[in-house]
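J.: Dropping in entry39.cif, with mmCIF, C-alpha atoms.
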```
data_protein
loop_
_atom_site.group_PDB
_atom_site.id
_atom_site.type_symbol
_atom_site.label_atom_id
_atom_site.label_comp_id
_atom_site.auth_asym_id
_atom_site.auth_seq_id
_atom_site.Cartn_x
_atom_site.Cartn_y
_atom_site.Cartn_z
ATOM 1 C CA MET A 489 46.634 36.513 80.161
ATOM 2 C CA ARG A 490 49.374 38.864 81.280
ATOM 3 C CA SER A 491 51.666 35.912 81.989
ATOM 4 C CA LEU A 492 51.893 35.228 78.271
ATOM 5 C CA GLU A 493 53.541 38.628 77.708
ATOM 6 C CA GLN A 494 56.735 37.168 79.199
ATOM 7 C CA VAL A 495 57.083 34.772 76.277
ATOM 8 C CA GLN A 496 57.708 37.599 73.830
ATOM 9 C CA GLN A 497 60.741 38.588 75.923
ATOM 10 C CA TRP A 498 62.410 35.191 75.643
ATOM 11 C CA PRO A 499 65.820 35.427 73.889
ATOM 12 C CA VAL A 500 64.677 33.403 70.878
ATOM 13 C CA ALA A 501 63.831 34.127 67.255
ATOM 14 C CA HIS A 502 60.332 32.649 67.436
ATOM 15 C CA ALA A 503 58.215 31.613 70.404
ATOM 16 C CA ALA A 504 54.632 30.607 71.010
ATOM 17 C CA ALA A 505 52.860 29.581 74.186
ATOM 18 C CA ALA A 506 49.458 28.658 75.539
ATOM 19 C CA VAL A 507 47.618 28.254 78.808
ATOM 20 C CA VAL A 508 44.842 25.682 78.646
ATOM 21 C CA THR A 509 42.050 25.078 81.154
ATOM 22 C CA VAL A 510 38.674 23.384 80.892
ATOM 23 C CA ASP A 511 37.245 26.869 80.314
ATOM 24 C CA GLY A 512 39.349 27.677 77.260
ATOM 25 C CA VAL A 513 42.720 28.520 75.748
ATOM 26 C CA ASP A 514 44.852 31.676 75.863
ATOM 27 C CA THR A 515 47.789 31.938 73.442
ATOM 28 C CA THR A 516 50.613 34.133 72.261
ATOM 29 C CA GLY A 517 52.709 33.794 69.112
ATOM 30 C CA GLU A 518 51.920 32.079 65.839
ATOM 31 C CA LEU A 519 49.352 29.319 66.266
ATOM 32 C CA ASP A 520 50.332 27.410 63.135
ATOM 33 C CA ARG A 521 54.127 27.751 63.027
ATOM 34 C CA VAL A 522 55.495 24.222 63.236
ATOM 35 C CA PHE A 523 58.282 23.689 65.793
ATOM 36 C CA ARG A 524 60.660 20.798 66.356
ATOM 37 C CA LEU A 525 59.437 19.106 69.526
ATOM 38 C CA ALA A 526 62.523 17.041 70.426
ATOM 39 C CA SER A 527 61.576 14.969 73.483
ATOM 40 C CA VAL A 528 58.094 16.469 73.758
ATOM 41 C CA THR A 529 57.559 13.827 71.063
ATOM 42 C CA LYS A 530 57.609 11.158 73.785
ATOM 43 C CA PRO A 531 54.257 11.970 75.463
ATOM 44 C CA LEU A 532 52.584 11.868 72.044
ATOM 45 C CA VAL A 533 54.126 8.479 71.300
ATOM 46 C CA ALA A 534 53.163 7.261 74.766
ATOM 47 C CA TYR A 535 49.579 8.330 74.171
ATOM 48 C CA ALA A 536 49.455 6.255 71.000
ATOM 49 C CA ALA A 537 50.707 3.288 73.013
ATOM 50 C CA LEU A 538 47.959 3.856 75.588
ATOM 51 C CA VAL A 539 45.372 3.918 72.798
ATOM 52 C CA ALA A 540 46.812 0.598 71.579
ATOM 53 C CA VAL A 541 46.452 -0.809 75.101
ATOM 54 C CA GLU A 542 42.802 0.173 75.245
ATOM 55 C CA GLU A 543 42.208 -1.238 71.778
ATOM 56 C CA GLY A 544 43.651 -4.556 72.943
ATOM 57 C CA ALA A 545 46.524 -4.474 70.448
ATOM 58 C CA ILE A 546 49.146 -4.586 73.211
ATOM 59 C CA GLU A 547 49.329 -4.885 76.996
ATOM 60 C CA LEU A 548 51.387 -2.787 79.382
ATOM 61 C CA ASP A 549 53.015 -5.816 80.954
ATOM 62 C CA GLN A 550 53.647 -7.595 77.662
ATOM 63 C CA PRO A 551 57.320 -8.391 76.925
ATOM 64 C CA ALA A 552 58.940 -5.738 74.726
ATOM 65 C CA GLY A 553 62.476 -4.473 74.340
ATOM 66 C CA PRO A 554 65.447 -6.285 75.920
ATOM 67 C CA PRO A 555 64.980 -9.596 77.758
ATOM 68 C CA GLY A 556 62.869 -9.152 80.887
ATOM 69 C CA SER A 557 61.539 -5.773 79.766
ATOM 70 C CA THR A 558 57.896 -4.896 79.074
ATOM 71 C CA VAL A 559 55.946 -2.119 77.384
ATOM 72 C CA ARG A 560 55.609 -0.541 80.838
ATOM 73 C CA HIS A 561 59.393 -0.575 81.333
ATOM 74 C CA LEU A 562 59.962 1.099 77.962
ATOM 75 C CA LEU A 563 57.396 3.833 78.686
ATOM 76 C CA ALA A 564 58.787 4.446 82.188
ATOM 77 C CA HIS A 565 62.479 4.556 81.181
ATOM 78 C CA THR A 566 63.269 1.473 83.248
ATOM 79 C CA SER A 567 63.967 -1.037 80.460
ATOM 80 C CA GLY A 568 67.706 -0.738 81.089
ATOM 81 C CA VAL A 569 68.633 0.402 77.571
ATOM 82 C CA ALA A 570 70.991 3.299 76.955
ATOM 83 C CA PHE A 571 69.957 6.818 75.942
ATOM 84 C CA ALA A 572 70.722 6.637 72.229
ATOM 85 C CA THR A 573 71.347 2.943 71.496
ATOM 86 C CA PRO A 574 69.667 -0.353 72.447
ATOM 87 C CA GLU A 575 72.728 -1.331 74.492
ATOM 88 C CA VAL A 576 71.556 -2.797 77.811
ATOM 89 C CA LEU A 577 73.067 -1.013 80.810
ATOM 90 C CA ALA A 578 70.949 -2.434 83.646
ATOM 91 C CA LYS A 579 68.352 -5.061 84.468
ATOM 92 C CA PRO A 580 64.783 -3.980 83.669
ATOM 93 C CA GLY A 581 63.268 -2.125 86.603
ATOM 94 C CA ALA A 582 66.553 -1.529 88.403
ATOM 95 C CA ARG A 583 67.304 2.059 87.343
ATOM 96 C CA ARG A 584 65.684 5.022 85.657
ATOM 97 C CA ILE A 585 67.796 5.371 82.510
ATOM 98 C CA TYR A 586 66.251 8.043 80.313
ATOM 99 C CA SER A 587 66.187 6.558 76.828
ATOM 100 C CA SER A 588 65.160 7.758 73.380
ATOM 101 C CA ALA A 589 66.258 4.364 72.075
ATOM 102 C CA GLY A 590 63.665 2.762 74.339
ATOM 103 C CA PHE A 591 60.921 4.710 72.585
ATOM 104 C CA GLU A 592 62.270 3.583 69.237
ATOM 105 C CA LEU A 593 62.017 -0.013 70.456
ATOM 106 C CA LEU A 594 58.468 0.729 71.608
ATOM 107 C CA ALA A 595 57.542 2.109 68.184
ATOM 108 C CA ASP A 596 58.980 -0.979 66.493
ATOM 109 C CA PHE A 597 56.978 -3.188 68.852
ATOM 110 C CA LEU A 598 53.774 -1.287 68.068
ATOM 111 C CA THR A 599 54.434 -1.649 64.346
ATOM 112 C CA GLU A 600 54.848 -5.404 64.767
ATOM 113 C CA SER A 601 51.769 -5.697 66.998
ATOM 114 C CA THR A 602 49.379 -3.602 64.910
ATOM 115 C CA GLY A 603 50.709 -4.206 61.414
ATOM 116 C CA ILE A 604 50.687 -0.433 60.899
ATOM 117 C CA HIS A 605 53.862 1.615 60.356
ATOM 118 C CA PHE A 606 54.218 3.500 63.650
ATOM 119 C CA PRO A 607 54.132 7.070 62.273
ATOM 120 C CA ASP A 608 50.885 6.127 60.540
ATOM 121 C CA TYR A 609 49.517 4.568 63.728
ATOM 122 C CA LEU A 610 50.405 7.713 65.707
ATOM 123 C CA HIS A 611 48.599 9.803 63.111
ATOM 124 C CA GLU A 612 45.517 7.562 63.116
ATOM 125 C CA ALA A 613 45.372 7.049 66.893
ATOM 126 C CA VAL A 614 46.206 10.554 68.149
ATOM 127 C CA PHE A 615 46.814 13.274 65.578
ATOM 128 C CA GLU A 616 43.806 12.718 63.332
ATOM 129 C CA PRO A 617 41.087 12.267 65.987
ATOM 130 C CA LEU A 618 42.338 15.324 67.906
ATOM 131 C CA GLY A 619 42.560 17.451 64.748
ATOM 132 C CA MET A 620 46.321 17.947 65.071
ATOM 133 C CA ARG A 621 46.763 18.792 61.379
ATOM 134 C CA GLY A 622 50.318 20.118 61.603
ATOM 135 C CA ALA A 623 51.705 17.293 63.717
ATOM 136 C CA VAL A 624 53.996 14.668 62.225
ATOM 137 C CA LEU A 625 56.564 12.109 63.311
ATOM 138 C CA ASP A 626 59.438 12.261 60.865
ATOM 139 C CA GLY A 627 62.059 9.895 62.266
ATOM 140 C CA SER A 628 62.829 8.688 65.784
ATOM 141 C CA ALA A 629 59.874 8.055 68.091
ATOM 142 C CA GLY A 630 62.065 9.484 70.838
ATOM 143 C CA HIS A 631 62.618 12.955 69.464
ATOM 144 C CA ALA A 632 61.578 13.566 65.830
ATOM 145 C CA GLY A 633 58.098 15.001 66.245
ATOM 146 C CA ARG A 634 57.034 18.361 64.859
ATOM 147 C CA ALA A 635 53.864 20.264 65.710
ATOM 148 C CA SER A 636 52.313 23.702 66.051
ATOM 149 C CA LEU A 637 50.960 25.466 69.113
ATOM 150 C CA ARG A 638 47.448 24.817 67.825
ATOM 151 C CA ASP A 639 48.246 21.089 67.699
ATOM 152 C CA LEU A 640 49.574 20.949 71.240
ATOM 153 C CA THR A 641 46.664 22.925 72.697
ATOM 154 C CA LEU A 642 44.418 20.170 71.334
ATOM 155 C CA PHE A 643 46.614 17.532 72.969
ATOM 156 C CA ALA A 644 46.668 19.462 76.260
ATOM 157 C CA THR A 645 42.874 19.690 76.187
ATOM 158 C CA GLU A 646 42.775 15.898 75.756
ATOM 159 C CA LEU A 647 45.007 15.507 78.813
ATOM 160 C CA LEU A 648 42.656 17.661 80.893
ATOM 161 C CA THR A 649 39.502 15.919 79.668
ATOM 162 C CA PRO A 650 40.487 12.624 78.021
ATOM 163 C CA GLU A 651 38.334 11.202 75.257
ATOM 164 C CA LEU A 652 40.731 8.947 73.334
ATOM 165 C CA ILE A 653 41.508 6.876 76.439
ATOM 166 C CA SER A 654 39.793 6.386 79.772
ATOM 167 C CA ARG A 655 40.453 8.583 82.773
ATOM 168 C CA GLN A 656 41.642 5.467 84.605
ATOM 169 C CA THR A 657 44.301 4.787 81.961
ATOM 170 C CA LEU A 658 45.456 8.410 81.954
ATOM 171 C CA ASP A 659 45.625 8.450 85.753
ATOM 172 C CA GLU A 660 47.849 5.364 85.661
ATOM 173 C CA ALA A 661 50.053 6.912 82.976
ATOM 174 C CA THR A 662 50.536 10.039 85.090
ATOM 175 C CA SER A 663 51.252 8.179 88.335
ATOM 176 C CA VAL A 664 54.749 7.150 89.382
ATOM 177 C CA GLN A 665 55.814 3.855 87.849
ATOM 178 C CA PHE A 666 58.587 1.865 89.546
ATOM 179 C CA PRO A 667 58.844 4.299 92.487
ATOM 180 C CA ASP A 668 62.073 5.182 94.256
ATOM 181 C CA ARG A 669 64.216 4.676 91.157
ATOM 182 C CA ASP A 670 67.136 7.091 90.892
ATOM 183 C CA GLY A 671 68.346 8.484 87.595
ATOM 184 C CA VAL A 672 69.460 11.501 85.601
ATOM 185 C CA LEU A 673 66.982 14.135 84.432
ATOM 186 C CA PRO A 674 68.528 15.647 81.268
ATOM 187 C CA GLY A 675 69.585 19.219 81.886
ATOM 188 C CA TYR A 676 69.223 18.905 85.657
ATOM 189 C CA GLY A 677 71.485 16.042 86.699
ATOM 190 C CA SER A 678 70.990 13.187 89.152
ATOM 191 C CA GLN A 679 67.596 12.929 90.841
ATOM 192 C CA ARG A 680 66.842 10.796 93.909
ATOM 193 C CA PRO A 681 64.239 9.649 93.055
ATOM 194 C CA ASN A 682 63.684 10.449 89.397
ATOM 195 C CA ASP A 683 59.917 9.988 89.202
ATOM 196 C CA TRP A 684 58.323 9.063 85.883
ATOM 197 C CA GLY A 685 54.969 7.810 84.693
ATOM 198 C CA LEU A 686 54.220 6.155 81.354
ATOM 199 C CA GLY A 687 55.840 8.546 78.911
ATOM 200 C CA PHE A 688 55.346 11.545 81.194
ATOM 201 C CA GLU A 689 57.889 12.957 83.616
ATOM 202 C CA ILE A 690 56.398 13.579 87.060
ATOM 203 C CA ARG A 691 57.662 16.573 88.985
ATOM 204 C CA GLY A 692 57.592 15.063 92.454
ATOM 205 C CA GLY A 693 60.071 16.826 94.710
ATOM 206 C CA LYS A 694 62.694 17.652 92.093
ATOM 207 C CA THR A 695 64.418 20.984 92.507
ATOM 208 C CA PRO A 696 65.517 22.881 90.542
ATOM 209 C CA HIS A 697 63.103 21.939 87.805
ATOM 210 C CA TRP A 698 61.898 23.216 84.456
ATOM 211 C CA THR A 699 58.353 23.750 85.807
ATOM 212 C CA GLY A 700 57.535 26.414 88.389
ATOM 213 C CA HIS A 701 58.296 26.448 92.088
ATOM 214 C CA SER A 702 54.536 26.521 92.719
ATOM 215 C CA ASN A 703 53.703 23.567 90.476
ATOM 216 C CA SER A 704 52.299 20.683 92.529
ATOM 217 C CA PRO A 705 54.292 17.444 92.866
ATOM 218 C CA ARG A 706 51.625 15.769 90.689
ATOM 219 C CA THR A 707 52.531 17.968 87.721
ATOM 220 C CA TYR A 708 53.417 15.884 84.681
ATOM 221 C CA GLY A 709 54.681 16.565 81.187
ATOM 222 C CA HIS A 710 57.926 16.814 79.271
ATOM 223 C CA PHE A 711 60.446 19.267 77.922
ATOM 224 C CA GLY A 712 62.544 19.065 74.785
ATOM 225 C CA GLN A 713 66.117 20.066 74.032
ATOM 226 C CA SER A 714 64.817 22.051 71.043
ATOM 227 C CA GLY A 715 63.374 24.606 73.484
ATOM 228 C CA THR A 716 59.876 23.214 74.024
ATOM 229 C CA PHE A 717 57.764 22.062 76.957
ATOM 230 C CA LEU A 718 54.292 20.953 77.984
ATOM 231 C CA TRP A 719 53.077 20.473 81.540
ATOM 232 C CA VAL A 720 49.749 19.652 83.158
ATOM 233 C CA ASP A 721 49.067 20.340 86.836
ATOM 234 C CA PRO A 722 46.059 18.190 87.746
ATOM 235 C CA GLU A 723 45.790 19.809 91.170
ATOM 236 C CA ILE A 724 44.619 23.067 89.568
ATOM 237 C CA GLY A 725 43.401 21.861 86.164
ATOM 238 C CA VAL A 726 45.860 23.908 84.130
ATOM 239 C CA ALA A 727 48.104 22.939 81.214
ATOM 240 C CA THR A 728 50.846 25.145 79.797
ATOM 241 C CA ILE A 729 52.800 24.874 76.553
ATOM 242 C CA GLY A 730 55.951 26.708 75.516
ATOM 243 C CA LEU A 731 57.519 26.407 72.066
ATOM 244 C CA SER A 732 60.629 28.057 70.676
ATOM 245 C CA ASP A 733 63.333 27.616 68.060
ATOM 246 C CA GLU A 734 66.198 28.110 70.522
ATOM 247 C CA ASN A 735 67.734 25.039 72.106
ATOM 248 C CA PHE A 736 67.241 24.469 75.824
ATOM 249 C CA GLY A 737 69.896 26.148 77.956
ATOM 250 C CA ASP A 738 70.392 28.637 80.775
ATOM 251 C CA TRP A 739 67.818 30.976 79.225
ATOM 252 C CA ALA A 740 65.133 28.292 79.604
ATOM 253 C CA ARG A 741 66.214 27.327 83.124
ATOM 254 C CA THR A 742 65.502 30.942 84.088
ATOM 255 C CA ALA A 743 62.511 31.809 81.903
ATOM 256 C CA TRP A 744 60.372 28.685 82.077
ATOM 257 C CA PRO A 745 59.902 28.407 85.873
ATOM 258 C CA LYS A 746 59.222 32.146 86.112
ATOM 259 C CA PHE A 747 56.605 31.874 83.380
ATOM 260 C CA SER A 748 55.020 28.796 84.952
ATOM 261 C CA ASP A 749 54.804 30.445 88.371
ATOM 262 C CA SER A 750 53.155 33.486 86.791
ATOM 263 C CA VAL A 751 50.613 31.286 85.028
ATOM 264 C CA ILE A 752 49.718 29.497 88.244
ATOM 265 C CA ALA A 753 49.388 32.745 90.194
ATOM 266 C CA GLU A 754 47.224 34.296 87.504
ATOM 267 C CA THR A 755 44.946 31.300 86.995
ATOM 268 C CA HIS A 756 44.431 31.017 90.752
ATOM 269 C CA ASN A 757 43.365 34.656 90.868
ATOM 270 C CA THR A 758 40.795 34.104 88.118
ATOM 271 C CA GLN A 759 39.329 30.844 89.414
#
```
Output the structure of this file as structure tokens.
T.:
Amino acid sequence: MRSLEQVQQWPVAHAAAAVVTVDGVDTTGELDRVFRLASVTKPLVAYAALVAVEEGAIELDQPAGPPGSTVRHLLAHTSGVAFATPEVLAKPGARRIYSSAGFELLADFLTESTGIHFPDYLHEAVFEPLGMRGAVLDGSAGHAGRASLRDLTLFATELLTPELISRQTLDEATSVQFPDRDGVLPGYGSQRPNDWGLGFEIRGGKTPHWTGHSNSPRTYGHFGQSGTFLWVDPEIGVATIGLSDENFGDWARTAWPKFSDSVIAETHNTQ
């Protein structure tokens, strides 16, 4: 794909990217170089939680986190806990407070519920069955994942055609939870509303945004401060991954939407 040529012009030392559809995968850059994912860790952790739900180990509306909070609140960033600490800043469900600490609480809850150390559960529930051999969680469940482009293309393929969980569960996870909640989208400021699913950010009407101008409002995914992103647009059946070793900043605010718009234009022309 010609769109992928843009990635080699990004002002970074190393970059890799992929466009995934049900018909196949196109890539650029090193397939097996392992990148720090930062917050792109969260969708992987969320997927493990969804597997646990389907296995009957936990329930979405089971109490977890601060008083009054549930697994659903933690996944949807509405538990009320702060970004980096378990300090409670709001009642559960009242605000969209983006929280890495909330995902750490979720991981602890999954460890308690399954009897399996969470990094091991994530490996057994998601990484191993998908063949994500380079993927690892080495620290916080909010931001300490590492993986290669090859790994994330396998995860993106799962999001397009789920096998580890049901389509119904994935559809719920990628639908707005606790609608009309305002909050801050890191890197882009206050959003009214700040739509989120279960571990996945939902584009909605946010502008500017790290996805493309032509991405549908149903687009879901995540970006990471380490210079990484993954989005899926279910309206057109396309997933796109970008990985780099340069922290998110103005370069990404410019390059990522341009790249995403090019991908959408090119995939539409070939469909």
J.: Residues picked by the PyMOL selection byres ((chain A and resi 743) around 10) here, as a PDB file with C-alpha atoms, in the coordinates of the input?
T.:
```pdb
ATOM      1  CA  GLN A 494      56.735  37.168  79.199  1.00  0.00           C
ATOM      2  CA  VAL A 495      57.083  34.772  76.277  1.00  0.00           C
ATOM      3  CA  GLN A 497      60.741  38.588  75.923  1.00  0.00           C
ATOM      4  CA  TRP A 498      62.410  35.191  75.643  1.00  0.00           C
ATOM      5  CA  PRO A 499      65.820  35.427  73.889  1.00  0.00           C
ATOM      6  CA  TRP A 698      61.898  23.216  84.456  1.00  0.00           C
ATOM      7  CA  THR A 699      58.353  23.750  85.807  1.00  0.00           C
ATOM      8  CA  GLY A 700      57.535  26.414  88.389  1.00  0.00           C
ATOM      9  CA  ASP A 738      70.392  28.637  80.775  1.00  0.00           C
ATOM     10  CA  TRP A 739      67.818  30.976  79.225  1.00  0.00           C
ATOM     11  CA  ALA A 740      65.133  28.292  79.604  1.00  0.00           C
ATOM     12  CA  ARG A 741      66.214  27.327  83.124  1.00  0.00           C
ATOM     13  CA  THR A 742      65.502  30.942  84.088  1.00  0.00           C
ATOM     14  CA  TRP A 744      60.372  28.685  82.077  1.00  0.00           C
ATOM     15  CA  PRO A 745      59.902  28.407  85.873  1.00  0.00           C
ATOM     16  CA  LYS A 746      59.222  32.146  86.112  1.00  0.00           C
ATOM     17  CA  PHE A 747      56.605  31.874  83.380  1.00  0.00           C
ATOM     18  CA  SER A 748      55.020  28.796  84.952  1.00  0.00           C
TER      19      SER A 748
END
```
J.: Enter the distance from atom CA of Glu518 of chain A to atom CA of His710 of chain A, in Å, rounded to one decimal.
T.: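 Computed distance, atom CA of Glu518 of chain A to atom CA of His710 of chain A, equals 21.2 Å.
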J.: I'd like the box whose edges run along x, y and z of the file and which contains every listed atom of segment 491-497 of chain A, padded by 3 Å per side; could you state its centre and edge lengths in Å, one decimal, as lines of an AutoDock Vina configuration file?
T.:
```
center_x = 56.2
center_y = 36.7
center_z = 77.9
size_x = 15.1
size_y = 9.9
size_z = 14.2
```
J.: Just give me the gap between atom CA of Gln496 of chain A and atom CA of Ile729 of chain A in Å, one decimal is fine.
T.: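 Going from atom CA of Gln496 of chain A over to atom CA of Ile729 of chain A covers 13.9 Å.
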J.: Please enumerate the residues selected by the PyMOL selection byres ((chain A and resi 676-680) around 10) when evaluated against the supplied file, formatted as a PyMOL selection string.
T.: chain A and resi 584+668-675+681-683+693-698+741
J.: What does the file look like for those residues with C-alpha atoms, as a short mmCIF file (atom, residue, chain, number, x, y, z; two decimals), in the frame of the given file?
T.:
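Saved file out.cif follows:
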```cif
data_model
loop_
_atom_site.label_atom_id
_atom_site.label_comp_id
_atom_site.auth_asym_id
_atom_site.auth_seq_id
_atom_site.Cartn_x
_atom_site.Cartn_y
_atom_site.Cartn_z
CA ARG A 584 65.68 5.02 85.66
CA ASP A 668 62.07 5.18 94.26
CA ARG A 669 64.22 4.68 91.16
CA ASP A 670 67.14 7.09 90.89
CA GLY A 671 68.35 8.48 87.60
CA VAL A 672 69.46 11.50 85.60
CA LEU A 673 66.98 14.14 84.43
CA PRO A 674 68.53 15.65 81.27
CA GLY A 675 69.58 19.22 81.89
CA PRO A 681 64.24 9.65 93.06
CA ASN A 682 63.68 10.45 89.40
CA ASP A 683 59.92 9.99 89.20
CA GLY A 693 60.07 16.83 94.71
CA LYS A 694 62.69 17.65 92.09
CA THR A 695 64.42 20.98 92.51
CA PRO A 696 65.52 22.88 90.54
CA HIS A 697 63.10 21.94 87.80
CA TRP A 698 61.90 23.22 84.46
CA ARG A 741 66.21 27.33 83.12
#
```
J.: Step by step, work through what the PyMOL selection byres ((chain A and resi 536-548) around 6) selects in the shown file, and finish by giving those residues as a list of chain:residue names.
T.: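 Answer for the PyMOL selection byres ((chain A and resi 536-548) around 6): A:Val533, A:Ala534, A:Tyr535, A:Asp549, A:Gln550, A:Val559, A:Arg560, A:Leu610, A:Ala613.
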J.: Let's have the selection written as a short mmCIF file (atom, residue, chain, number, x, y, z; two decimals), keeping the file's coordinate frame, with C-alpha atoms.
T.:
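Final output, result.cif:
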```cif
data_model
loop_
_atom_site.label_atom_id
_atom_site.label_comp_id
_atom_site.auth_asym_id
_atom_site.auth_seq_id
_atom_site.Cartn_x
_atom_site.Cartn_y
_atom_site.Cartn_z
CA VAL A 533 54.13 8.48 71.30
CA ALA A 534 53.16 7.26 74.77
CA TYR A 535 49.58 8.33 74.17
CA ASP A 549 53.02 -5.82 80.95
CA GLN A 550 53.65 -7.60 77.66
CA VAL A 559 55.95 -2.12 77.38
CA ARG A 560 55.61 -0.54 80.84
CA LEU A 610 50.40 7.71 65.71
CA ALA A 613 45.37 7.05 66.89
#
```
